[in-house]
>>> print(open('my_file_10.pdb').read())   # PDB, C-alpha atoms
ATOM      1  CA  MET L  14     107.944  49.820  24.433  1.00  0.00           C
ATOM      2  CA  PHE L  15     106.566  49.390  20.940  1.00  0.00           C
ATOM      3  CA  ILE L  16     106.302  45.661  21.499  1.00  0.00           C
ATOM      4  CA  ILE L  17     104.277  46.205  24.667  1.00  0.00           C
ATOM      5  CA  LYS L  18     101.879  48.603  22.950  1.00  0.00           C
ATOM      6  CA  LYS L  19     101.501  46.230  20.074  1.00  0.00           C
ATOM      7  CA  LYS L  20     100.716  43.446  22.470  1.00  0.00           C
ATOM      8  CA  ASN L  21      98.176  45.590  24.298  1.00  0.00           C
ATOM      9  CA  LEU L  22      96.566  46.539  21.025  1.00  0.00           C
ATOM     10  CA  PHE L  23      96.281  42.892  20.059  1.00  0.00           C
ATOM     11  CA  ILE L  24      94.649  42.032  23.370  1.00  0.00           C
ATOM     12  CA  PHE L  25      92.266  44.980  23.049  1.00  0.00           C
ATOM     13  CA  SER L  26      91.330  43.935  19.531  1.00  0.00           C
ATOM     14  CA  LEU L  27      90.748  40.391  20.703  1.00  0.00           C
ATOM     15  CA  VAL L  28      88.458  41.638  23.481  1.00  0.00           C
ATOM     16  CA  ILE L  29      86.505  43.774  20.993  1.00  0.00           C
ATOM     17  CA  LEU L  30      86.160  40.755  18.684  1.00  0.00           C
ATOM     18  CA  LEU L  31      84.872  38.594  21.510  1.00  0.00           C
ATOM     19  CA  CYS L  32      82.336  41.266  22.438  1.00  0.00           C
ATOM     20  CA  VAL L  33      81.126  41.492  18.860  1.00  0.00           C
ATOM     21  CA  ILE L  34      80.838  37.705  18.596  1.00  0.00           C
ATOM     22  CA  SER L  35      78.940  37.538  21.906  1.00  0.00           C
ATOM     23  CA  TYR L  36      76.549  40.264  20.761  1.00  0.00           C
ATOM     24  CA  LEU L  37      75.907  38.534  17.449  1.00  0.00           C
ATOM     25  CA  ASN L  38      75.343  35.210  19.198  1.00  0.00           C
ATOM     26  CA  TYR L  39      72.924  36.876  21.633  1.00  0.00           C
ATOM     27  CA  SER L  40      71.020  38.507  18.775  1.00  0.00           C
ATOM     28  CA  ILE L  41      70.767  35.264  16.846  1.00  0.00           C
ATOM     29  CA  ASN L  42      69.548  33.334  19.892  1.00  0.00           C
ATOM     30  CA  LYS L  43      67.066  36.052  20.750  1.00  0.00           C
ATOM     31  CA  PHE L  44      65.704  36.018  17.223  1.00  0.00           C
ATOM     32  CA  SER L  45      65.465  32.218  17.246  1.00  0.00           C
ATOM     33  CA  LEU L  46      63.723  32.200  20.593  1.00  0.00           C
ATOM     34  CA  LEU L  47      61.358  34.894  19.427  1.00  0.00           C
ATOM     35  CA  GLU L  48      60.598  32.965  16.263  1.00  0.00           C
ATOM     36  CA  THR L  49      60.063  29.758  18.240  1.00  0.00           C
ATOM     37  CA  SER L  50      57.826  31.536  20.712  1.00  0.00           C
ATOM     38  CA  GLN L  51      55.767  32.958  17.884  1.00  0.00           C
ATOM     39  CA  GLU L  52      55.430  29.540  16.276  1.00  0.00           C
ATOM     40  CA  LEU L  53      54.484  28.014  19.608  1.00  0.00           C
ATOM     41  CA  GLU L  54      51.955  30.740  20.226  1.00  0.00           C
ATOM     42  CA  GLU L  55      50.465  30.243  16.756  1.00  0.00           C
ATOM     43  CA  TYR L  56      50.365  26.477  17.308  1.00  0.00           C
ATOM     44  CA  GLU L  57      48.612  26.878  20.657  1.00  0.00           C
ATOM     45  CA  GLU L  58      46.125  29.316  19.149  1.00  0.00           C
ATOM     46  CA  ASN L  59      45.337  26.875  16.333  1.00  0.00           C
ATOM     47  CA  LYS L  60      44.859  23.963  18.758  1.00  0.00           C
ATOM     48  CA  LEU L  61      42.668  26.116  20.968  1.00  0.00           C
ATOM     49  CA  ALA L  62      40.507  26.997  17.978  1.00  0.00           C
ATOM     50  CA  GLU L  63      40.241  23.311  17.017  1.00  0.00           C
ATOM     51  CA  ASN L  64      39.237  22.363  20.566  1.00  0.00           C
ATOM     52  CA  ILE L  65      36.596  25.075  20.625  1.00  0.00           C
ATOM     53  CA  GLU L  66      35.134  23.793  17.348  1.00  0.00           C
ATOM     54  CA  LEU L  67      35.221  20.201  18.625  1.00  0.00           C
ATOM     55  CA  ASN L  68      33.521  21.115  21.887  1.00  0.00           C
ATOM     56  CA  GLU L  69      30.849  23.021  20.003  1.00  0.00           C
ATOM     57  CA  ASP L  70      30.176  19.971  17.811  1.00  0.00           C
ATOM     58  CA  GLU L  71      30.025  17.668  20.834  1.00  0.00           C
ATOM     59  CA  GLN L  72      27.703  20.045  22.612  1.00  0.00           C
ATOM     60  CA  LEU L  73      25.437  20.103  19.600  1.00  0.00           C
ATOM     61  CA  ILE L  74      25.320  16.317  19.567  1.00  0.00           C
ATOM     62  CA  VAL L  75      24.702  15.970  23.289  1.00  0.00           C
ATOM     63  CA  THR L  76      22.077  18.665  23.565  1.00  0.00           C
ATOM     64  CA  LYS L  77      20.266  17.721  20.388  1.00  0.00           C
ATOM     65  CA  GLU L  78      16.668  16.864  21.228  1.00  0.00           C
ATOM     66  CA  PRO L  79      14.732  14.263  19.210  1.00  0.00           C
ATOM     67  CA  THR L  80      12.207  15.749  16.841  1.00  0.00           C
ATOM     68  CA  GLN L  81       8.521  14.980  17.101  1.00  0.00           C
ATOM     69  CA  GLU L  82       8.796  12.872  13.948  1.00  0.00           C
ATOM     70  CA  VAL L  83      11.497  10.687  15.526  1.00  0.00           C
ATOM     71  CA  VAL L  84       9.487  10.232  18.720  1.00  0.00           C
ATOM     72  CA  LYS L  85       6.366   9.402  16.745  1.00  0.00           C
ATOM     73  CA  GLU L  86       8.222   6.838  14.622  1.00  0.00           C
ATOM     74  CA  ALA L  87       9.692   5.189  17.739  1.00  0.00           C
ATOM     75  CA  ASP L  88       6.249   4.928  19.308  1.00  0.00           C
ATOM     76  CA  GLU L  89       4.826   3.388  16.141  1.00  0.00           C
ATOM     77  CA  ASN L  90       7.611   0.780  16.010  1.00  0.00           C
ATOM     78  CA  LEU L  91       7.229  -0.177  19.680  1.00  0.00           C
ATOM     79  CA  VAL L  92       5.725  -3.644  20.041  1.00  0.00           C
ATOM     80  CA  VAL L  93       3.305  -3.754  22.924  1.00  0.00           C
ATOM     81  CA  VAL L  94       2.551  -7.191  24.307  1.00  0.00           C
ATOM     82  CA  ASP L  95      -0.877  -7.728  25.793  1.00  0.00           C
ATOM     83  CA  SER L  96       0.010  -8.324  29.437  1.00  0.00           C
ATOM     84  CA  ASN L  97      -3.499  -8.581  30.856  1.00  0.00           C
ATOM     85  CA  GLU L  98      -3.522 -11.232  33.593  1.00  0.00           C
ATOM     86  CA  SER L  99      -6.589 -13.054  32.299  1.00  0.00           C
ATOM     87  CA  LYS L 100      -5.103 -12.990  28.804  1.00  0.00           C
ATOM     88  CA  ILE L 101      -1.944 -14.702  30.060  1.00  0.00           C
ATOM     89  CA  LYS L 102      -3.942 -17.476  31.714  1.00  0.00           C
ATOM     90  CA  ASP L 103      -6.146 -17.897  28.639  1.00  0.00           C
ATOM     91  CA  ILE L 104      -3.171 -18.285  26.309  1.00  0.00           C
ATOM     92  CA  ILE L 105      -1.509 -20.862  28.569  1.00  0.00           C
ATOM     93  CA  SER L 106      -4.758 -22.783  28.961  1.00  0.00           C
ATOM     94  CA  GLU L 107      -5.472 -22.805  25.220  1.00  0.00           C
ATOM     95  CA  THR L 108      -1.920 -23.917  24.430  1.00  0.00           C
ATOM     96  CA  SER L 109      -2.155 -26.781  26.927  1.00  0.00           C
ATOM     97  CA  LYS L 110      -5.476 -27.926  25.477  1.00  0.00           C
ATOM     98  CA  SER L 111      -4.062 -27.815  21.962  1.00  0.00           C
ATOM     99  CA  ILE L 112      -1.049 -29.953  22.923  1.00  0.00           C
ATOM    100  CA  GLU L 113      -3.208 -32.408  24.852  1.00  0.00           C
ATOM    101  CA  SER L 114      -5.621 -32.804  21.944  1.00  0.00           C
ATOM    102  CA  ASP L 115      -2.751 -33.313  19.541  1.00  0.00           C
ATOM    103  CA  ILE L 116      -1.041 -36.098  21.474  1.00  0.00           C
ATOM    104  CA  LEU L 117      -4.338 -37.922  22.092  1.00  0.00           C
ATOM    105  CA  THR L 118      -5.411 -37.910  18.436  1.00  0.00           C
ATOM    106  CA  LYS L 119      -2.085 -38.270  16.658  1.00  0.00           C
ATOM    107  CA  GLU L 120      -1.573 -41.368  14.503  1.00  0.00           C
ATOM    108  CA  LYS L 121       0.743 -44.129  15.672  1.00  0.00           C
ATOM    109  CA  ASP L 122       3.475 -43.622  13.044  1.00  0.00           C
ATOM    110  CA  ASN L 123       6.288 -41.518  14.565  1.00  0.00           C
ATOM    111  CA  PHE L 124       3.934 -40.634  17.381  1.00  0.00           C
ATOM    112  CA  PHE L 125       6.519 -40.295  20.133  1.00  0.00           C
ATOM    113  CA  ILE L 126       8.999 -38.262  18.088  1.00  0.00           C
ATOM    114  CA  GLU L 127       6.362 -35.893  16.696  1.00  0.00           C
ATOM    115  CA  SER L 128       4.533 -35.493  19.995  1.00  0.00           C
ATOM    116  CA  ARG L 129       7.694 -34.660  21.905  1.00  0.00           C
ATOM    117  CA  LEU L 130       8.730 -32.197  19.185  1.00  0.00           C
ATOM    118  CA  ASN L 131       5.320 -30.515  19.216  1.00  0.00           C
ATOM    119  CA  ILE L 132       5.305 -30.187  23.000  1.00  0.00           C
ATOM    120  CA  ASN L 133       8.779 -28.645  23.003  1.00  0.00           C
ATOM    121  CA  MET L 134       7.900 -26.159  20.253  1.00  0.00           C
ATOM    122  CA  GLU L 135       4.708 -24.992  21.954  1.00  0.00           C
ATOM    123  CA  ARG L 136       6.486 -24.646  25.286  1.00  0.00           C
ATOM    124  CA  GLU L 137       9.247 -22.564  23.693  1.00  0.00           C
ATOM    125  CA  LYS L 138       6.642 -20.247  22.169  1.00  0.00           C
ATOM    126  CA  MET L 139       5.006 -19.815  25.557  1.00  0.00           C
ATOM    127  CA  LEU L 140       8.320 -19.021  27.248  1.00  0.00           C
ATOM    128  CA  GLU L 141       9.185 -16.470  24.554  1.00  0.00           C
ATOM    129  CA  LEU L 142       5.813 -14.775  24.994  1.00  0.00           C
ATOM    130  CA  LEU L 143       6.195 -14.661  28.760  1.00  0.00           C
ATOM    131  CA  ASN L 144       9.702 -13.201  28.435  1.00  0.00           C
ATOM    132  CA  GLU L 145       8.338 -10.474  26.167  1.00  0.00           C
ATOM    133  CA  ILE L 146       5.709  -9.610  28.758  1.00  0.00           C
ATOM    134  CA  ILE L 147       8.286  -9.599  31.565  1.00  0.00           C
ATOM    135  CA  ASP L 148      10.758  -7.397  29.655  1.00  0.00           C
ATOM    136  CA  ASN L 149       8.166  -4.960  28.320  1.00  0.00           C
ATOM    137  CA  ASP L 150       8.365  -1.567  30.060  1.00  0.00           C
ATOM    138  CA  LYS L 151       4.617  -1.073  29.672  1.00  0.00           C
ATOM    139  CA  THR L 152       3.721  -4.242  31.570  1.00  0.00           C
ATOM    140  CA  ASP L 153       2.116  -3.504  34.929  1.00  0.00           C
ATOM    141  CA  GLU L 154       3.695  -5.017  38.025  1.00  0.00           C
ATOM    142  CA  SER L 155       0.955  -7.553  38.767  1.00  0.00           C
ATOM    143  CA  SER L 156       1.053  -8.901  35.204  1.00  0.00           C
ATOM    144  CA  ARG L 157       4.844  -9.096  35.312  1.00  0.00           C
ATOM    145  CA  LYS L 158       4.697 -11.107  38.545  1.00  0.00           C
ATOM    146  CA  LEU L 159       2.115 -13.446  37.045  1.00  0.00           C
ATOM    147  CA  ALA L 160       4.212 -13.895  33.888  1.00  0.00           C
ATOM    148  CA  ASN L 161       7.257 -14.723  36.029  1.00  0.00           C
ATOM    149  CA  LYS L 162       5.203 -17.193  38.044  1.00  0.00           C
ATOM    150  CA  GLU L 163       3.856 -18.908  34.916  1.00  0.00           C
ATOM    151  CA  LYS L 164       7.338 -19.031  33.405  1.00  0.00           C
ATOM    152  CA  MET L 165       8.757 -20.807  36.456  1.00  0.00           C
ATOM    153  CA  SER L 166       5.735 -23.113  36.495  1.00  0.00           C
ATOM    154  CA  ILE L 167       6.375 -24.166  32.888  1.00  0.00           C
ATOM    155  CA  ILE L 168      10.067 -24.798  33.604  1.00  0.00           C
ATOM    156  CA  ASN L 169       9.193 -26.900  36.667  1.00  0.00           C
ATOM    157  CA  THR L 170       6.588 -28.819  34.661  1.00  0.00           C
ATOM    158  CA  ILE L 171       9.134 -29.612  31.943  1.00  0.00           C
ATOM    159  CA  ASN L 172      11.516 -30.967  34.579  1.00  0.00           C
ATOM    160  CA  LYS L 173       8.777 -33.125  36.118  1.00  0.00           C
ATOM    161  CA  GLU L 174       7.858 -34.551  32.714  1.00  0.00           C
ATOM    162  CA  LYS L 175      11.465 -35.507  31.993  1.00  0.00           C
ATOM    163  CA  ILE L 176      11.844 -37.170  35.377  1.00  0.00           C
ATOM    164  CA  VAL L 177       8.640 -39.191  34.940  1.00  0.00           C
ATOM    165  CA  GLU L 178       9.604 -40.231  31.405  1.00  0.00           C
ATOM    166  CA  ASN L 179      13.022 -41.464  32.540  1.00  0.00           C
ATOM    167  CA  LEU L 180      11.541 -43.388  35.472  1.00  0.00           C
ATOM    168  CA  VAL L 181       8.868 -45.019  33.290  1.00  0.00           C
ATOM    169  CA  ARG L 182      11.479 -46.062  30.708  1.00  0.00           C
ATOM    170  CA  SER L 183      13.496 -47.601  33.524  1.00  0.00           C
ATOM    171  CA  LYS L 184      10.541 -50.000  34.070  1.00  0.00           C
ATOM    172  CA  GLY L 185      11.194 -51.574  30.670  1.00  0.00           C
ATOM    173  CA  PHE L 186       9.115 -49.450  28.295  1.00  0.00           C
ATOM    174  CA  GLU L 187      10.742 -48.560  24.992  1.00  0.00           C
ATOM    175  CA  ASP L 188       9.441 -44.993  24.883  1.00  0.00           C
ATOM    176  CA  VAL L 189       7.025 -42.706  26.704  1.00  0.00           C
ATOM    177  CA  VAL L 190       5.581 -39.219  26.383  1.00  0.00           C
ATOM    178  CA  VAL L 191       4.400 -37.324  29.456  1.00  0.00           C
ATOM    179  CA  PHE L 192       2.436 -34.086  29.286  1.00  0.00           C
ATOM    180  CA  VAL L 193       1.478 -32.280  32.492  1.00  0.00           C
ATOM    181  CA  THR L 194      -1.104 -29.489  32.725  1.00  0.00           C
ATOM    182  CA  GLU L 195      -2.681 -27.702  35.662  1.00  0.00           C
ATOM    183  CA  HIS L 196      -5.553 -30.181  35.812  1.00  0.00           C
ATOM    184  CA  SER L 197      -4.254 -33.378  34.208  1.00  0.00           C
ATOM    185  CA  VAL L 198      -1.294 -35.644  33.542  1.00  0.00           C
ATOM    186  CA  ASN L 199      -1.174 -37.579  30.270  1.00  0.00           C
ATOM    187  CA  VAL L 200       1.137 -40.584  30.007  1.00  0.00           C
ATOM    188  CA  ILE L 201       1.423 -42.502  26.726  1.00  0.00           C
ATOM    189  CA  VAL L 202       3.757 -45.490  26.695  1.00  0.00           C
ATOM    190  CA  GLN L 203       5.031 -47.468  23.732  1.00  0.00           C
ATOM    191  CA  THR L 204       3.901 -51.059  24.224  1.00  0.00           C
ATOM    192  CA  GLU L 205       1.611 -53.660  22.690  1.00  0.00           C
ATOM    193  CA  GLU L 206      -0.358 -54.096  25.902  1.00  0.00           C
ATOM    194  CA  LEU L 207      -0.513 -52.619  29.368  1.00  0.00           C
ATOM    195  CA  SER L 208      -1.069 -54.937  32.353  1.00  0.00           C
ATOM    196  CA  ASN L 209      -2.521 -53.937  35.691  1.00  0.00           C
ATOM    197  CA  SER L 210       0.928 -54.322  37.199  1.00  0.00           C
ATOM    198  CA  ASP L 211       2.379 -51.895  34.644  1.00  0.00           C
ATOM    199  CA  MET L 212      -0.440 -49.449  35.309  1.00  0.00           C
ATOM    200  CA  ALA L 213       0.281 -49.577  39.039  1.00  0.00           C
ATOM    201  CA  LYS L 214       3.991 -48.910  38.496  1.00  0.00           C
ATOM    202  CA  ILE L 215       3.281 -45.922  36.253  1.00  0.00           C
ATOM    203  CA  LEU L 216       0.665 -44.506  38.632  1.00  0.00           C
ATOM    204  CA  ASP L 217       3.085 -44.774  41.528  1.00  0.00           C
ATOM    205  CA  ILE L 218       5.754 -42.845  39.606  1.00  0.00           C
ATOM    206  CA  VAL L 219       3.375 -40.130  38.395  1.00  0.00           C
ATOM    207  CA  THR L 220       1.684 -39.480  41.737  1.00  0.00           C
ATOM    208  CA  ARG L 221       5.009 -39.407  43.554  1.00  0.00           C
ATOM    209  CA  GLU L 222       6.717 -36.987  41.147  1.00  0.00           C
ATOM    210  CA  THR L 223       3.813 -34.707  40.140  1.00  0.00           C
ATOM    211  CA  LYS L 224       1.637 -34.858  43.296  1.00  0.00           C
ATOM    212  CA  ALA L 225      -1.372 -35.065  40.966  1.00  0.00           C
ATOM    213  CA  PRO L 226      -4.554 -36.835  42.166  1.00  0.00           C
ATOM    214  CA  MET L 227      -5.086 -40.271  40.616  1.00  0.00           C
ATOM    215  CA  ASP L 228      -8.352 -39.099  39.048  1.00  0.00           C
ATOM    216  CA  ASN L 229      -6.390 -36.542  36.979  1.00  0.00           C
ATOM    217  CA  ILE L 230      -3.919 -39.088  35.576  1.00  0.00           C
ATOM    218  CA  LYS L 231      -4.576 -40.582  32.136  1.00  0.00           C
ATOM    219  CA  ILE L 232      -2.467 -43.535  30.984  1.00  0.00           C
ATOM    220  CA  ASN L 233      -2.579 -44.831  27.409  1.00  0.00           C
ATOM    221  CA  PHE L 234      -0.380 -47.034  25.248  1.00  0.00           C
ATOM    222  CA  ARG L 235       0.451 -47.196  21.558  1.00  0.00           C
TER     223      ARG L 235
END
>>> encode(input="my_file_10.pdb", output="C-alpha cells")
Amino acid sequence: MFIIKKKNLFIFSLVILLCVISYLNYSINKFSLLETSQELEEYEENKLAENIELNEDEQLIVTKEPTQEVVKEADENLVVVDSNESKIKDIISETSKSIESDILTKEKDNFFIESRLNINMEREKMLELLNEIIDNDKTDESSRKLANKEKMSIINTINKEKIVENLVRSKGFEDVVVFVTEHSVNVIVQTEELSNSDMAKILDIVTRETKAPMDNIKINFR
C-alpha cells in the first residue's frame, strides 16, 4: 500500500514538473517572440522612415524647376545657325567660286595633291554647316528641306567627281582633278600636252557622267 502511494506521488510530482517546464518554455518563447516582433516592428518603422525621406528627396529633384538664371544662361549659350534660304545658297556659291579660283590659279608644284586636299576640306566645312542647320531646332521647315537638298547634292557631286577622275586616269593620264559646280565642270589633267583626241575622250566622259552641257566644261592640263 505504501509502495503504491509512493509510486503515485512520484508520478504526480513528475506531472507537476512537466507542467512547470512547459510553462517556463512557453513563457520564454513568448518573450522571445515578443522581443523579435518588437525588433521587427522597429526595423520596419526605420525602413519606412528612410523610404519617406528618399521619396521626398526624389520628389524635390523631379519637381525642381529651373531658375530664370539657368534658363537665361542656356539661351545665351545656344548657338543659332543662320538658316535663311538665300544665305544657304550664297554660302555654297561663294565656297564653289573660292575653290574654282584656287585650282585655276594654283602653281604647278604639288598642284594635284593640294587642290584635292583643298576641295575636300571646303566640302567638309559645307557639310558640317548644313548638318548644323538641319539639326538646329530653330531652323524653319523650308530651310531644313533646302539644307537637306544641298547636302545630298554635294554628296552626289563628290561621287560624280570621283567617277570622272577614275575614268580619265584609265585613259592613260597620270593624275587628274575634277571640280563640279552648279554651272561648270573643271577638269585639270597632269600631262605635258593635250591632243584633240584626248580632249574628245575627256569630254565624252564628263558629259556622260555629269550631264553638263559642253559649253560649261573647262579642260586644262598641267
>>> atom_distance(input="my_file_10.pdb", atom1="CA of Glu178 in chain L", atom2="CA of Thr108 in chain L")
21.2 Å
>>> atom_distance(input="my_file_10.pdb", atom1="CA of Met134 in chain L", atom2="CA of Ile218 in chain L")
25.6 Å
>>> resolve_selection(input="my_file_10.pdb", expression="the PyMOL selection byres ((chain L and resi 215) around 12)", output="PyMOL selection string")
chain L and resi 177-186+189+191+198-202+207-214+216-223+227+230-234
>>> residues_around(input="my_file_10.pdb", residues="Ile167 in chain L", least_positions_apart="2", cutoff="12 Å", atoms="all atoms listed in the file", output="PyMOL selection string")
chain L and resi 105-106+108-109+132-133+135-141+143+160-165+169-174+192-195
>>> atom_distance(input="my_file_10.pdb", atom1="CA of Lys151 in chain L", atom2="CA of Lys110 in chain L")
29.0 Å
>>> closest_residue(input="my_file_10.pdb", among="L:Arg129, L:Asn123, L:Glu107, L:Asn144", to="Lys175 in chain L", atoms="only C-alpha atoms")
L:Arg129
>>> decode(input="my_file_10.pdb", residues="range 126-182 of chain L", atoms="C-alpha atoms", output="short mmCIF file (atom, residue, chain, number, x, y, z; two decimals), in the first residue's frame")
data_model
loop_
_atom_site.label_atom_id
_atom_site.label_comp_id
_atom_site.auth_asym_id
_atom_site.auth_seq_id
_atom_site.Cartn_x
_atom_site.Cartn_y
_atom_site.Cartn_z
CA ILE L 126 47.68 66.98 -104.06
CA GLU L 127 46.98 70.47 -102.72
CA SER L 128 43.95 71.05 -104.94
CA ARG L 129 42.33 67.77 -103.97
CA LEU L 130 43.04 68.47 -100.28
CA ASN L 131 41.56 71.97 -100.53
CA ILE L 132 38.42 70.73 -102.27
CA ASN L 133 37.88 68.04 -99.64
CA MET L 134 38.37 70.47 -96.75
CA GLU L 135 35.94 73.04 -98.15
CA ARG L 136 33.36 70.37 -98.87
CA GLU L 137 33.63 69.02 -95.32
CA LYS L 138 33.07 72.52 -93.94
CA MET L 139 29.98 72.90 -96.09
CA LEU L 140 28.57 69.55 -94.96
CA GLU L 141 29.18 70.42 -91.31
CA LEU L 142 27.39 73.74 -91.73
CA LEU L 143 24.44 72.10 -93.45
CA ASN L 144 24.21 69.47 -90.70
CA GLU L 145 24.11 72.23 -88.09
CA ILE L 146 21.26 73.90 -89.94
CA ILE L 147 19.38 70.61 -90.29
CA ASP L 148 19.79 69.66 -86.61
CA ASN L 149 19.01 73.12 -85.23
CA ASP L 150 15.58 73.24 -83.55
CA LYS L 151 15.13 76.87 -84.60
CA THR L 152 15.51 76.14 -88.31
CA ASP L 153 12.26 76.59 -90.21
CA GLU L 154 10.98 73.67 -92.26
CA SER L 155 11.65 75.17 -95.69
CA SER L 156 15.26 75.98 -94.78
CA ARG L 157 15.75 72.50 -93.36
CA LYS L 158 14.47 70.94 -96.59
CA LEU L 159 16.77 73.15 -98.64
CA ALA L 160 19.75 72.27 -96.42
CA ASN L 161 18.97 68.56 -96.84
CA LYS L 162 18.69 69.02 -100.59
CA GLU L 163 22.02 70.86 -100.80
CA LYS L 164 23.68 68.25 -98.61
CA MET L 165 22.58 65.42 -100.90
CA SER L 166 23.62 67.49 -103.92
CA ILE L 167 27.15 67.90 -102.54
CA ILE L 168 27.43 64.18 -101.79
CA ASN L 169 26.25 63.30 -105.31
CA THR L 170 28.68 65.83 -106.80
CA ILE L 171 31.59 64.30 -104.87
CA ASN L 172 30.67 60.86 -106.22
CA LYS L 173 30.48 62.19 -109.79
CA GLU L 174 33.90 63.83 -109.46
CA LYS L 175 35.48 60.59 -108.24
CA ILE L 176 33.93 58.61 -111.07
CA VAL L 177 35.14 61.08 -113.71
CA GLU L 178 38.64 61.19 -112.21
CA ASN L 179 38.93 57.39 -112.25
CA LEU L 180 37.67 57.16 -115.83
CA VAL L 181 40.06 59.89 -117.04
CA ARG L 182 43.02 58.18 -115.34
#
